[in-house]
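Peer 1: Structure file my_file.txt, compact mmCIF, C-alpha atoms, is pasted below:
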# COMPACT_ATOMS: atom_id res chain seq x y z
CA MET A 205 76.37 104.43 58.65
CA ARG A 206 73.58 102.82 60.56
CA LEU A 207 72.20 103.80 63.97
CA PHE A 208 70.27 101.85 66.57
CA GLN A 209 68.37 104.33 68.72
CA VAL A 210 66.06 103.78 71.66
CA GLY A 211 63.93 106.73 72.67
CA ALA A 212 62.13 109.26 70.47
CA GLY A 213 61.21 111.61 73.30
CA SER A 214 62.11 115.27 73.62
CA GLY A 215 65.84 114.52 73.81
CA GLY A 216 66.04 111.51 71.53
CA MET A 217 64.20 113.31 68.74
CA VAL A 218 66.72 116.17 68.81
CA VAL A 219 69.61 113.70 68.57
CA LEU A 220 67.95 111.91 65.65
CA ASP A 221 67.12 115.17 63.86
CA LEU A 222 70.73 116.35 64.09
CA LEU A 223 72.26 113.04 63.03
CA MET A 224 69.93 112.37 60.09
CA ARG A 225 71.13 115.60 58.50
CA GLU A 226 74.63 114.14 58.12
CA SER A 227 75.10 112.39 54.78
CA CYS A 228 77.25 109.66 56.33
CA VAL A 229 74.25 108.55 58.39
CA THR A 230 71.89 106.62 56.14
CA HIS A 231 69.76 104.37 58.33
CA VAL A 232 68.28 104.19 61.81
CA THR A 233 66.38 101.53 63.68
CA LEU A 234 64.25 103.53 66.09
CA ILE A 235 62.63 101.94 69.14
CA ASP A 236 59.97 103.60 71.30
CA PRO A 237 56.60 102.20 72.37
CA ASP A 238 55.18 105.58 73.41
CA ILE A 239 52.21 107.41 71.99
CA TYR A 240 52.53 111.15 71.42
CA LYS A 241 50.35 112.89 74.01
CA ALA A 242 49.12 116.43 74.53
CA HIS A 243 51.59 117.13 77.35
CA ASN A 244 54.52 116.21 75.05
CA GLY A 245 53.78 119.15 72.76
CA ILE A 246 55.64 121.82 74.71
CA ARG A 247 59.00 120.05 74.30
CA HIS A 248 58.54 118.22 71.02
CA TYR A 249 58.74 118.89 67.27
CA PHE A 250 55.36 117.43 66.42
CA PRO A 251 52.09 119.40 66.03
CA PRO A 252 48.91 118.93 68.09
CA SER A 253 47.38 117.02 65.17
CA ALA A 254 49.93 114.25 65.84
CA ILE A 255 48.47 113.44 69.27
CA GLY A 256 47.52 109.79 69.53
CA ARG A 257 50.05 108.47 67.03
CA THR A 258 53.22 106.57 67.91
CA LYS A 259 56.37 108.62 68.36
CA VAL A 260 58.37 106.35 66.06
CA GLU A 261 55.83 106.79 63.27
CA LEU A 262 56.01 110.56 63.68
CA ALA A 263 59.80 110.47 63.81
CA ALA A 264 59.93 108.50 60.56
CA GLU A 265 57.71 111.10 58.88
CA TRP A 266 59.84 113.95 60.26
CA CYS A 267 63.00 112.41 58.84
CA GLY A 268 61.35 111.52 55.51
CA GLU A 269 60.15 115.10 54.99
CA ARG A 270 63.72 116.35 55.36
CA ARG A 271 65.71 113.63 53.68
CA ALA A 272 64.10 111.19 51.29
CA ASP A 273 67.06 108.81 51.18
CA PHE A 274 67.25 108.39 54.93
CA ILE A 275 65.81 105.03 56.02
CA VAL A 276 63.93 104.79 59.30
CA GLU A 277 62.99 101.36 60.52
CA SER A 278 60.56 102.15 63.31
CA LEU A 279 59.56 99.68 65.99
CA ALA A 280 56.89 100.77 68.48
CA ILE A 281 57.98 98.19 71.03
CA ASP A 282 59.39 98.11 74.53
CA LEU A 283 63.12 97.47 74.63
CA LEU A 284 62.57 95.03 77.49
CA ASP A 285 59.80 93.04 75.83
CA PRO A 286 60.99 89.41 75.81
CA ASN A 287 58.97 88.71 72.66
CA HIS A 288 61.08 91.11 70.58
CA GLN A 289 64.60 90.35 71.77
CA ALA A 290 65.65 88.41 68.66
CA GLU A 291 64.50 91.29 66.45
CA LEU A 292 66.33 93.81 68.63
CA GLU A 293 69.52 91.76 68.68
CA ALA A 294 69.50 91.57 64.89
CA ALA A 295 69.09 95.34 64.62
CA VAL A 296 71.91 95.94 67.10
CA GLN A 297 74.15 93.54 65.21
CA ALA A 298 73.55 95.52 62.01
CA CYS A 299 74.24 98.96 63.50
CA ASP A 300 77.46 100.94 63.69
CA VAL A 301 76.59 102.94 66.81
CA GLY A 302 73.86 102.74 69.45
CA ILE A 303 72.08 105.77 70.88
CA CYS A 304 70.35 105.48 74.22
CA ALA A 305 67.84 108.25 74.91
CA VAL A 306 65.67 106.73 77.62
CA ASP A 307 65.12 107.57 81.27
CA SER A 308 64.43 104.25 82.92
CA GLU A 309 67.28 102.44 84.62
CA PRO A 310 66.20 98.93 83.56
CA ALA A 311 66.13 100.10 79.93
CA LYS A 312 69.62 101.61 80.23
CA TYR A 313 71.02 98.40 81.67
CA HIS A 314 69.32 96.36 78.97
CA PHE A 315 70.62 98.65 76.24
CA ASP A 316 74.10 98.18 77.69
CA LEU A 317 73.62 94.41 77.62
CA LEU A 318 72.53 94.39 73.97
CA MET A 319 75.49 96.54 72.96
CA ARG A 320 78.05 94.52 74.93
CA ARG A 321 76.75 91.28 73.41
CA ALA A 322 77.21 92.69 69.91
CA ALA A 323 80.44 94.56 70.83
CA LYS A 324 79.07 97.85 69.48
CA PRO A 325 79.93 101.34 70.73
CA TRP A 326 77.13 103.55 72.01
CA THR A 327 76.30 106.87 73.57
CA MET A 328 73.76 108.00 76.14
CA GLY A 329 72.44 111.42 77.11
CA GLU A 330 70.84 112.40 80.41
CA VAL A 331 69.36 115.78 81.29
CA LEU A 332 69.39 116.58 85.00
CA SER A 333 66.17 117.57 86.73
CA GLY A 334 65.37 121.22 86.29
CA GLY A 335 67.64 121.40 83.22
CA ILE A 336 70.61 122.48 85.35
CA GLY A 337 72.95 120.42 83.20
CA GLY A 338 73.34 116.99 81.75
CA TRP A 339 75.53 114.04 80.97
CA VAL A 340 76.70 112.46 77.76
CA HIS A 341 78.35 109.07 78.17
CA ARG A 342 80.46 107.18 75.61
CA PHE A 343 80.67 103.42 75.81
CA ILE A 344 83.31 101.46 73.91
CA PRO A 345 83.37 97.65 73.68
CA GLU A 346 85.57 96.00 76.32
CA GLN A 347 85.71 99.21 78.33
CA ALA A 348 83.52 100.44 81.22
CA CYS A 349 79.91 99.26 81.02
CA TYR A 350 76.90 101.25 82.20
CA GLY A 351 77.12 99.43 85.56
CA CYS A 352 80.75 100.58 86.01
CA VAL A 353 79.85 104.15 85.06
CA ALA A 354 76.71 104.39 87.21
CA SER A 355 78.52 102.93 90.17
CA HIS A 356 81.50 105.27 89.79
CA LEU A 357 79.44 108.41 89.38
CA GLN A 358 77.21 107.70 92.36
CA ARG A 359 80.26 107.04 94.50
CA SER A 360 82.45 109.98 93.65
CA ILE A 361 80.24 112.90 92.80
CA VAL A 362 78.34 114.98 95.29
CA THR A 363 75.04 115.61 93.60
CA ASP A 364 72.45 115.99 96.31
CA ASN A 365 73.83 118.08 99.14
CA SER A 366 70.80 120.28 99.13
CA PRO A 367 67.38 119.22 100.37
CA PRO A 368 64.78 118.07 97.83
CA PRO A 369 64.18 118.65 94.96
CA ASP A 370 66.83 116.16 94.05
CA TYR A 371 68.44 117.58 90.92
CA SER A 372 70.78 114.61 90.64
CA ASN A 373 68.02 112.19 90.06
CA PRO A 374 66.24 112.99 86.81
CA ASP A 375 64.59 109.62 86.52
CA GLY A 376 64.25 108.97 90.22
CA MET A 377 61.69 106.66 91.71
CA VAL A 378 60.35 109.53 93.81
CA ALA A 379 58.23 111.45 91.36
CA GLU A 380 57.93 114.62 93.42
CA THR A 381 61.69 115.15 93.35
CA THR A 382 61.85 115.58 89.61
CA ILE A 383 61.51 118.95 87.92
CA PRO A 384 60.87 119.33 84.21
CA ALA A 385 63.77 120.67 82.18
CA SER A 386 63.30 123.45 79.65
CA LYS A 387 63.36 122.61 75.97
CA ALA A 388 66.48 124.78 75.65
CA SER A 389 68.36 122.69 78.21
CA ILE A 390 67.15 119.41 76.69
CA ASP A 391 68.25 120.58 73.25
CA ALA A 392 71.66 121.70 74.57
CA ILE A 393 72.45 118.30 76.09
CA ALA A 394 70.92 116.42 73.15
CA SER A 395 73.12 118.47 70.79
CA LEU A 396 76.21 117.45 72.73
CA HIS A 397 74.93 113.88 72.60
CA ALA A 398 74.64 114.12 68.80
CA LEU A 399 78.12 115.65 68.48
CA LEU A 400 79.76 112.91 70.51
CA THR A 401 77.85 110.29 68.55
CA LEU A 402 79.13 111.80 65.30
CA ASP A 403 82.66 111.71 66.70
CA MET A 404 82.16 108.07 67.48
CA LEU A 405 80.92 107.38 63.95
CA GLU A 406 83.96 109.19 62.55
CA GLY A 407 86.30 107.27 64.83
CA THR A 408 87.42 110.36 66.74
CA ALA A 409 88.89 109.29 70.08
CA HIS A 410 88.33 111.15 73.35
CA ASP A 411 90.03 110.58 76.66
CA PHE A 412 86.82 110.64 78.68
CA THR A 413 83.92 108.28 79.25
CA SER A 414 81.43 110.78 80.60
CA LEU A 415 80.96 114.48 80.02
CA LEU A 416 79.00 116.53 82.53
CA TRP A 417 77.98 119.93 81.21
CA THR A 418 76.51 122.42 83.64
CA LEU A 419 73.85 124.81 82.36
CA LYS A 420 73.02 126.64 85.57
CA ARG A 421 74.86 127.63 88.73
CA VAL A 422 73.46 125.67 91.68
CA PRO A 423 75.00 126.53 95.07
CA GLY A 424 76.57 123.49 96.71
CA MET A 425 76.49 121.56 93.49
CA PHE A 426 77.66 123.46 90.43
CA ASP A 427 79.85 126.50 91.11
CA GLU A 428 79.51 127.75 87.55
CA ALA A 429 77.11 127.49 84.66
CA PHE A 430 78.32 126.30 81.25
CA ARG A 431 81.26 124.39 82.61
CA PRO A 432 82.34 120.95 81.34
CA TYR A 433 83.61 118.18 83.58
CA ARG A 434 85.17 115.15 81.93
CA PHE A 435 85.37 111.79 83.66
CA ARG A 436 87.50 108.89 82.52
CA ILE A 437 85.94 105.82 84.08
CA VAL A 438 87.72 102.52 83.71
CA ARG A 439 86.15 99.11 83.59
CA ARG A 440 86.04 97.53 87.05
CA PRO A 441 87.35 93.95 86.98
CA ASP A 442 84.93 93.04 89.77
CA CYS A 443 81.85 94.63 88.16
CA LEU A 444 79.00 92.16 88.52
CA ILE A 445 77.43 93.46 85.30
CA CYS A 446 80.31 93.16 82.80
CA ARG A 447 82.93 90.87 84.30
CA PRO A 448 83.56 87.78 82.16
CA PRO A 449 81.49 84.74 83.20
CA THR A 450 83.31 82.34 85.50
CA VAL A 451 81.39 79.39 84.07
CA ASN A 452 80.31 79.11 80.50
CA PRO A 453 77.77 76.33 80.12
CA VAL A 454 75.49 76.10 77.10
CA GLN A 455 71.87 77.18 77.52
CA GLU A 456 70.50 73.70 78.36
CA ASP A 457 73.20 73.11 80.95
CA LEU A 458 72.47 76.54 82.39
CA ASP A 459 68.84 75.56 82.98
CA VAL A 460 69.81 72.25 84.56
CA ALA A 461 72.44 73.89 86.79
CA LEU A 462 69.99 76.60 87.86
CA ASN A 463 67.23 74.10 88.68
CA GLN A 464 69.67 72.02 90.72
CA ALA A 465 70.96 75.06 92.60
CA LEU A 466 67.45 76.31 93.37
CA SER A 467 66.43 72.84 94.56
CA ARG A 468 69.40 72.80 96.94
CA LEU A 469 68.41 76.18 98.36
CA ALA A 470 64.76 75.17 98.68
CA ASP A 471 65.66 72.27 100.94
CA GLN A 472 67.60 74.18 103.59
CA MET B 116 67.55 91.35 81.86
CA SER B 117 64.87 89.00 83.11
CA LEU B 118 66.23 87.04 86.01
CA LEU B 119 64.84 83.58 85.38
CA THR B 120 64.27 83.63 81.63
CA THR B 121 67.32 85.26 80.03
CA GLU B 122 70.80 83.81 79.73
CA GLU B 123 72.28 86.83 81.55
CA GLY B 124 69.78 86.50 84.38
CA LYS B 125 70.51 82.81 84.82
CA ARG B 126 74.25 83.44 84.72
CA ARG B 127 73.90 86.17 87.32
CA LEU B 128 72.06 83.73 89.58
CA LEU B 129 74.46 80.85 89.01
CA THR B 130 77.72 82.75 89.23
CA VAL B 131 76.91 85.60 91.63
CA GLU B 132 73.76 85.31 93.70
CA ILE B 133 73.51 81.60 94.46
CA PRO B 134 77.19 81.25 95.46
CA ALA B 135 76.74 84.28 97.75
CA ILE B 136 73.67 82.70 99.37
CA GLU B 137 75.47 79.37 99.75
CA THR B 138 78.41 81.09 101.41
CA TYR B 139 75.99 82.88 103.75
CA ASN B 140 74.28 79.58 104.61
CA LYS B 141 77.51 77.62 105.15
CA ASP B 142 77.99 76.67 108.82
CA ARG B 143 74.91 78.69 109.81
CA LEU B 144 72.33 77.16 112.13
CA PRO B 145 69.58 75.56 110.01
CA GLU B 146 66.85 77.91 111.30
CA TYR B 147 68.85 80.94 110.17
CA LYS B 148 69.65 79.75 106.65
CA ILE B 149 68.16 81.43 103.59
CA VAL B 150 65.58 79.30 101.81
CA VAL B 151 64.85 80.13 98.17
CA GLU B 152 61.61 79.53 96.34
CA ARG B 153 60.72 80.23 92.72
CA ILE B 154 57.40 82.11 92.42
CA GLY B 155 56.48 82.79 88.80
CA SER B 156 59.13 85.05 87.33
CA ALA B 157 60.47 86.03 90.76
CA LEU B 158 62.56 84.43 93.48
CA LEU B 159 61.49 84.59 97.10
CA LEU B 160 64.06 84.30 99.87
CA ARG B 161 62.77 83.39 103.34
CA TYR B 162 65.01 83.74 106.37
CA ARG B 163 65.24 84.75 110.02
CA LEU B 164 67.42 87.44 111.57
CA LYS B 165 68.22 88.16 115.20
CA PRO B 166 69.83 91.59 115.38
CA GLY B 167 69.39 91.91 119.15
CA HIS B 168 66.84 90.41 121.49
CA ASN B 169 64.19 89.32 119.02
CA ILE B 170 63.91 87.00 116.07
CA TYR B 171 62.27 88.33 112.92
CA GLN B 172 60.88 86.43 109.94
CA LEU B 173 61.65 88.03 106.60
CA GLU B 174 60.96 87.69 102.92
CA THR B 175 63.14 89.21 100.23
CA ARG B 176 61.78 89.15 96.72
CA LEU B 177 63.94 89.30 93.60
CA LEU B 178 61.68 90.49 90.82
CA SER B 179 62.32 89.59 87.19
CA SER B 180 64.02 92.97 86.72
CA TYR B 181 66.55 92.25 89.50
CA PRO B 182 69.41 93.25 89.84
CA THR B 183 68.63 96.49 88.01
CA ILE B 184 65.73 96.99 90.38
CA PRO B 185 66.73 96.41 94.01
CA PRO B 186 65.34 93.53 96.04
CA GLU B 187 62.20 94.16 98.09
CA THR B 188 62.24 93.05 101.69
CA ARG B 189 59.22 92.58 103.93
CA VAL B 190 59.09 91.71 107.61
CA THR B 191 56.43 89.08 108.18
CA THR B 192 56.75 89.31 111.97
CA PRO B 193 54.27 91.97 113.17
CA LEU B 194 56.00 95.26 113.98
CA ARG B 195 54.91 98.54 115.53
CA HIS B 196 54.48 101.19 112.89
CA CYS B 197 57.80 103.01 112.73
CA PRO B 198 59.91 105.25 110.46
CA HIS B 199 61.17 103.72 107.22
CA LEU B 200 58.45 101.07 107.14
CA LEU B 201 56.23 101.09 104.07
CA GLU B 202 52.89 99.51 103.32
CA GLY B 203 52.73 95.75 103.91
CA GLN B 204 55.68 95.98 106.33
CA THR B 205 58.02 96.50 103.40
CA MET B 206 61.29 98.05 104.51
CA CYS B 207 62.46 101.33 103.06
CA LEU B 208 66.07 100.34 102.39
CA TRP B 209 67.19 101.91 99.13
CA ARG B 210 67.12 105.39 97.69
CA GLN B 211 68.38 105.95 94.18
CA GLY B 212 71.14 108.55 94.10
CA SER B 213 71.60 108.53 97.87
CA THR B 214 74.87 110.00 99.13
CA ARG B 215 75.15 107.17 101.66
CA ALA B 216 76.71 104.19 99.91
CA THR B 217 74.79 101.63 101.94
CA SER B 218 71.44 103.24 101.11
CA ARG B 219 72.05 103.07 97.39
CA TRP B 220 71.47 99.85 95.52
CA ASP B 221 74.36 99.21 93.15
CA PRO B 222 73.75 96.21 90.85
CA SER B 223 77.37 96.24 89.74
CA LYS B 224 78.63 95.64 93.29
CA TYR B 225 75.99 94.12 95.52
CA THR B 226 74.43 90.70 95.78
CA VAL B 227 71.22 89.84 97.54
CA VAL B 228 73.27 88.98 100.63
CA PHE B 229 74.09 92.68 100.89
CA ALA B 230 70.34 93.26 101.04
CA VAL B 231 70.09 90.70 103.86
CA GLN B 232 72.84 92.57 105.73
CA ALA B 233 71.03 95.86 105.13
CA THR B 234 67.90 94.23 106.53
CA TRP B 235 69.82 93.20 109.67
CA ARG B 236 70.98 96.81 110.10
CA TRP B 237 67.42 98.09 109.63
CA LEU B 238 66.11 95.68 112.27
CA ALA B 239 68.88 96.71 114.69
CA CYS B 240 67.74 100.32 114.19
CA TYR B 241 64.14 99.24 114.76
CA GLU B 242 64.99 97.64 118.10
CA ILE B 243 66.75 100.81 119.27
CA TRP B 244 63.84 102.93 118.03
CA HIS B 245 61.43 100.62 119.88
CA GLU B 246 63.24 101.31 123.17
CA THR B 247 64.22 104.97 122.76
CA GLY B 248 61.76 106.41 120.24
CA GLU B 249 64.66 107.60 118.08
CA TRP B 250 65.90 106.05 114.85
CA PRO B 251 69.66 105.78 115.40
CA LEU B 252 70.79 106.44 111.85
CA PRO B 253 70.21 109.85 110.26
CA GLU B 254 67.59 110.12 107.52
CA ALA B 255 68.96 108.72 104.30
CA LYS B 256 69.46 111.37 101.60
As structure tokens, how would this structure be written, given the file I've shared?

Peer 2:
Amino acid sequence: MRLFQVGAGSGGMVVLDLLMRESCVTHVTLIDPDIYKAHNGIRHYFPPSAIGRTKVELAAEWCGERRADFIVESLAIDLLDPNHQAELEAAVQACDVGICAVDSEPAKYHFDLLMRRAAKPWTMGEVLSGGIGGWVHRFIPEQACYGCVASHLQRSIVTDNSPPPDYSNPDGMVAETTIPASKASIDAIASLHALLTLDMLEGTAHDFTSLLWTLKRVPGMFDEAFRPYRFRIVRRPDCLICRPPTVNPVQEDLDVALNQALSRLADQ
Amino acid sequence: MSLLTTEEGKRRLLTVEIPAIETYNKDRLPEYKIVVERIGSALLLRYRLKPGHNIYQLETRLLSSYPTIPPETRVTTPLRHCPHLLEGQTMCLWRQGSTRATSRWDPSKYTVVFAVQATWRWLACYEIWHETGEWPLPEAK
């Protein structure tokens, strides 16, 4: 089985470490442009001597030291880099399951796009600020996309009743509202992420899209620690991210149509 | 998704955003229509709004990462410094994870016309604040 993983940070590395120990998993394409820095050390596997090297290079070494037959194709590139999209699309096409372990919203939406184009299933893990819990999402082709899931969860779940810090917003644009999570909480959610990815590789079905697992009791938000909440989120027919295109012109026609439309709107 | 260079971005513009702008412009007085200009990898929308007594000139910018990243709107008409106004007279309109649906940009549901409507609401609040000293909507959370 072959993985396509984006993110070799403190969570992504745990997911990769757990999955590469399974004999059915033989290959990963690992994407992360980041350099390992001193502040990463407290939540990462790598030693201080690794500072300054790329995370994907270190991840490949980590896997190689534990399993010689496990193939890591490491790409120290940005998922959103337009110059590498063909390479990324080929890697996605070749994979069995995608693993999204990134924080940024544009990267999550782009990961979703790559997976939908190739009709591949994928999973995503998110640790809430302060390590009070986390999400693992499962995405199946033709079912809810990341846009459907993000929209549904923001609409229906009360996550920020209390004043800042905003626990609901681990990757929020407001830096001061984020609180670092402990390595224990990151590992707990990443382990669930790995388990659900393994289930996906084995073809085990679940009746939920998103699993929220609480790790701490937070008054007004989580009544209990260590409690699972399962959400079955259906694909929205009117979702502007995944609804089928209403027109289907070829690329050249698309450019012509867009230029014409923009010319019309420039002449108002 | 890069708005003007990827197939998905172009499709989003052609099938979602541009039809929404054209519907907004239909039967509207010419001076209140949205005009769109391509600036590098971004699109700039110029328009006027009159929420109450005054007319305001506005610019809404769709960056290449739109719609994942919400549109940025700036008032080019000089304003008094007021709550929810950022540097360069950029409006504070969106807050990720907000419990108020209209303060939360949702790329799966909203078009740029929703941002224009949110701008109208912001300006209506500004006019009330200008007269009373109080922002009429509670702080977005």

Peer 1: Residues proximal to (61.2, 86.0, 96.0) were defined as those with any atom within 6 Å of that point in the file's coordinates, counting only C-alpha atoms. Which are they, as a PyMOL selection string?

Peer 2: chain B and resi 157-160+175-177

Peer 1: Out of A:Ile393, A:Cys352, A:Ile255, A:Ala290, which residue has the shortest atom-to-atom distance to chain B when counting only C-alpha atoms?

Peer 2: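 Result for the nearest residue to chain B: A:Cys352.
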
Peer 1: Return the neighbours of chain A among the residues of chain B, cut-off 7 Å, counting all atoms listed in the file, as a PyMOL selection string.

Peer 2: chain B and resi 116+125+129-130+145+148+150-152+183+211-212+221+223-224

Peer 1: Give me the residues within 9 Å of range 250-252 of chain A as a PDB file with C-alpha atoms, in the coordinates of the input, counting only C-alpha atoms and dropping any in the same chain fewer than 2 places off.

Peer 2:
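Everything below was put into result.pdb:
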ATOM      1  CA  TYR A 240      52.530 111.150  71.420  1.00  0.00           C
ATOM      2  CA  LYS A 241      50.350 112.890  74.010  1.00  0.00           C
ATOM      3  CA  ALA A 242      49.120 116.430  74.530  1.00  0.00           C
ATOM      4  CA  ASN A 244      54.520 116.210  75.050  1.00  0.00           C
ATOM      5  CA  GLY A 245      53.780 119.150  72.760  1.00  0.00           C
ATOM      6  CA  HIS A 248      58.540 118.220  71.020  1.00  0.00           C
ATOM      7  CA  ALA A 254      49.930 114.250  65.840  1.00  0.00           C
ATOM      8  CA  ILE A 255      48.470 113.440  69.270  1.00  0.00           C
ATOM      9  CA  LEU A 262      56.010 110.560  63.680  1.00  0.00           C
ATOM     10  CA  ALA A 263      59.800 110.470  63.810  1.00  0.00           C
ATOM     11  CA  TRP A 266      59.840 113.950  60.260  1.00  0.00           C
TER      12      TRP A 266
END

Peer 1: Record the distance separating CA of Arg210 in chain B and CA of Ser414 in chain A, expressed in Å with one decimal.

Peer 2: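 The value is 22.9 Å.
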
Peer 1: Hey, can you check how far CA of Arg206 in chain A sits from CA of Val301 in chain A?

Peer 2: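 Calculated distance between CA of Arg206 in chain A and CA of Val301 in chain A is 6.9 Å.
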
Peer 1: Pick the closest to Glu269 in chain A from A:Arg439, A:His288, A:Arg225, A:Arg320: which is it, counting only C-alpha atoms?

Peer 2: A:Arg225

Peer 1: Could you tell me which of A:Ile281, A:Ser308, A:Asp221, A:Arg342 comes closest to Thr408 in chain A if we count all atoms listed in the file?

Peer 2: A:Arg342

Peer 1: So how many Å separate CA of Arg431 in chain A and CA of Thr418 in chain A, to one decimal?

Peer 2: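 Going from CA of Arg431 in chain A over to CA of Thr418 in chain A, I get 5.2 Å.
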
Peer 1: Of the residues A:Ala264, A:Leu207, A:Val422, A:Ala348, which is the one nearest to Val296 in chain A, using only C-alpha atoms?

Peer 2: A:Leu207

Peer 1: Find the residues around Leu220 in chain A up to 12 Å (all atoms listed in the file counted), leave out those fewer than 3 positions away in its own chain, and share them as number ranges by chain.

Peer 2: A: 206-217, 223-226, 229-235, 249, 260, 263-264, 266-267, 270, 274, 276, 302-305, 391, 394-395, 397-399, 401-402

Peer 1: So that I have them on file, write out the residues from the current selection with C-alpha atoms, as a PDB file, keeping the file's coordinate frame.

Peer 2:
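Saved the output as part-v7.pdb:
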ATOM      1  CA  ARG A 206      73.580 102.820  60.560  1.00  0.00           C
ATOM      2  CA  LEU A 207      72.200 103.800  63.970  1.00  0.00           C
ATOM      3  CA  PHE A 208      70.270 101.850  66.570  1.00  0.00           C
ATOM      4  CA  GLN A 209      68.370 104.330  68.720  1.00  0.00           C
ATOM      5  CA  VAL A 210      66.060 103.780  71.660  1.00  0.00           C
ATOM      6  CA  GLY A 211      63.930 106.730  72.670  1.00  0.00           C
ATOM      7  CA  ALA A 212      62.130 109.260  70.470  1.00  0.00           C
ATOM      8  CA  GLY A 213      61.210 111.610  73.300  1.00  0.00           C
ATOM      9  CA  SER A 214      62.110 115.270  73.620  1.00  0.00           C
ATOM     10  CA  GLY A 215      65.840 114.520  73.810  1.00  0.00           C
ATOM     11  CA  GLY A 216      66.040 111.510  71.530  1.00  0.00           C
ATOM     12  CA  MET A 217      64.200 113.310  68.740  1.00  0.00           C
ATOM     13  CA  LEU A 223      72.260 113.040  63.030  1.00  0.00           C
ATOM     14  CA  MET A 224      69.930 112.370  60.090  1.00  0.00           C
ATOM     15  CA  ARG A 225      71.130 115.600  58.500  1.00  0.00           C
ATOM     16  CA  GLU A 226      74.630 114.140  58.120  1.00  0.00           C
ATOM     17  CA  VAL A 229      74.250 108.550  58.390  1.00  0.00           C
ATOM     18  CA  THR A 230      71.890 106.620  56.140  1.00  0.00           C
ATOM     19  CA  HIS A 231      69.760 104.370  58.330  1.00  0.00           C
ATOM     20  CA  VAL A 232      68.280 104.190  61.810  1.00  0.00           C
ATOM     21  CA  THR A 233      66.380 101.530  63.680  1.00  0.00           C
ATOM     22  CA  LEU A 234      64.250 103.530  66.090  1.00  0.00           C
ATOM     23  CA  ILE A 235      62.630 101.940  69.140  1.00  0.00           C
ATOM     24  CA  TYR A 249      58.740 118.890  67.270  1.00  0.00           C
ATOM     25  CA  VAL A 260      58.370 106.350  66.060  1.00  0.00           C
ATOM     26  CA  ALA A 263      59.800 110.470  63.810  1.00  0.00           C
ATOM     27  CA  ALA A 264      59.930 108.500  60.560  1.00  0.00           C
ATOM     28  CA  TRP A 266      59.840 113.950  60.260  1.00  0.00           C
ATOM     29  CA  CYS A 267      63.000 112.410  58.840  1.00  0.00           C
ATOM     30  CA  ARG A 270      63.720 116.350  55.360  1.00  0.00           C
ATOM     31  CA  PHE A 274      67.250 108.390  54.930  1.00  0.00           C
ATOM     32  CA  VAL A 276      63.930 104.790  59.300  1.00  0.00           C
ATOM     33  CA  GLY A 302      73.860 102.740  69.450  1.00  0.00           C
ATOM     34  CA  ILE A 303      72.080 105.770  70.880  1.00  0.00           C
ATOM     35  CA  CYS A 304      70.350 105.480  74.220  1.00  0.00           C
ATOM     36  CA  ALA A 305      67.840 108.250  74.910  1.00  0.00           C
ATOM     37  CA  ASP A 391      68.250 120.580  73.250  1.00  0.00           C
ATOM     38  CA  ALA A 394      70.920 116.420  73.150  1.00  0.00           C
ATOM     39  CA  SER A 395      73.120 118.470  70.790  1.00  0.00           C
ATOM     40  CA  HIS A 397      74.930 113.880  72.600  1.00  0.00           C
ATOM     41  CA  ALA A 398      74.640 114.120  68.800  1.00  0.00           C
ATOM     42  CA  LEU A 399      78.120 115.650  68.480  1.00  0.00           C
ATOM     43  CA  THR A 401      77.850 110.290  68.550  1.00  0.00           C
ATOM     44  CA  LEU A 402      79.130 111.800  65.300  1.00  0.00           C
TER      45      LEU A 402
END

Peer 1: Using only C-alpha atoms, determine which residues lie at most 10 Å from Cys240 in chain B, disregarding the query and same-chain residues fewer than 6 positions distant; provide the list as a list in words.

Peer 2: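 Those residues are Pro166, Gly167, Pro198, Thr234, Glu249, Trp250, Pro251 and Leu252 of chain B.
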
Peer 1: Compare A:Asp316, A:Ala272, A:Ser333, A:Val340 by their minimum atom-to-atom distance to Ile383 in chain A, counting all atoms listed in the file, and give me the closest one.

Peer 2: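 Closest candidate: A:Ser333.
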
Peer 1: Measuring between all atoms listed in the file, which one of B:Val227, B:Leu144, B:Ile149, B:Leu118 shows the shortest distance to Glu187 in chain B?

Peer 2: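 Of B:Val227, B:Leu144, B:Ile149, B:Leu118, the one nearest Glu187 in chain B is B:Val227, counting all atoms listed in the file.
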
Peer 1: What's the 12 Å shell around Val231 in chain B, counting all atoms listed in the file, without same-chain residues fewer than 5 positions away, as a PyMOL selection string?

Peer 2: chain B and resi 135-136+139-140+147-149+160-166+172-176+185-190+206+208+225-226+236-238
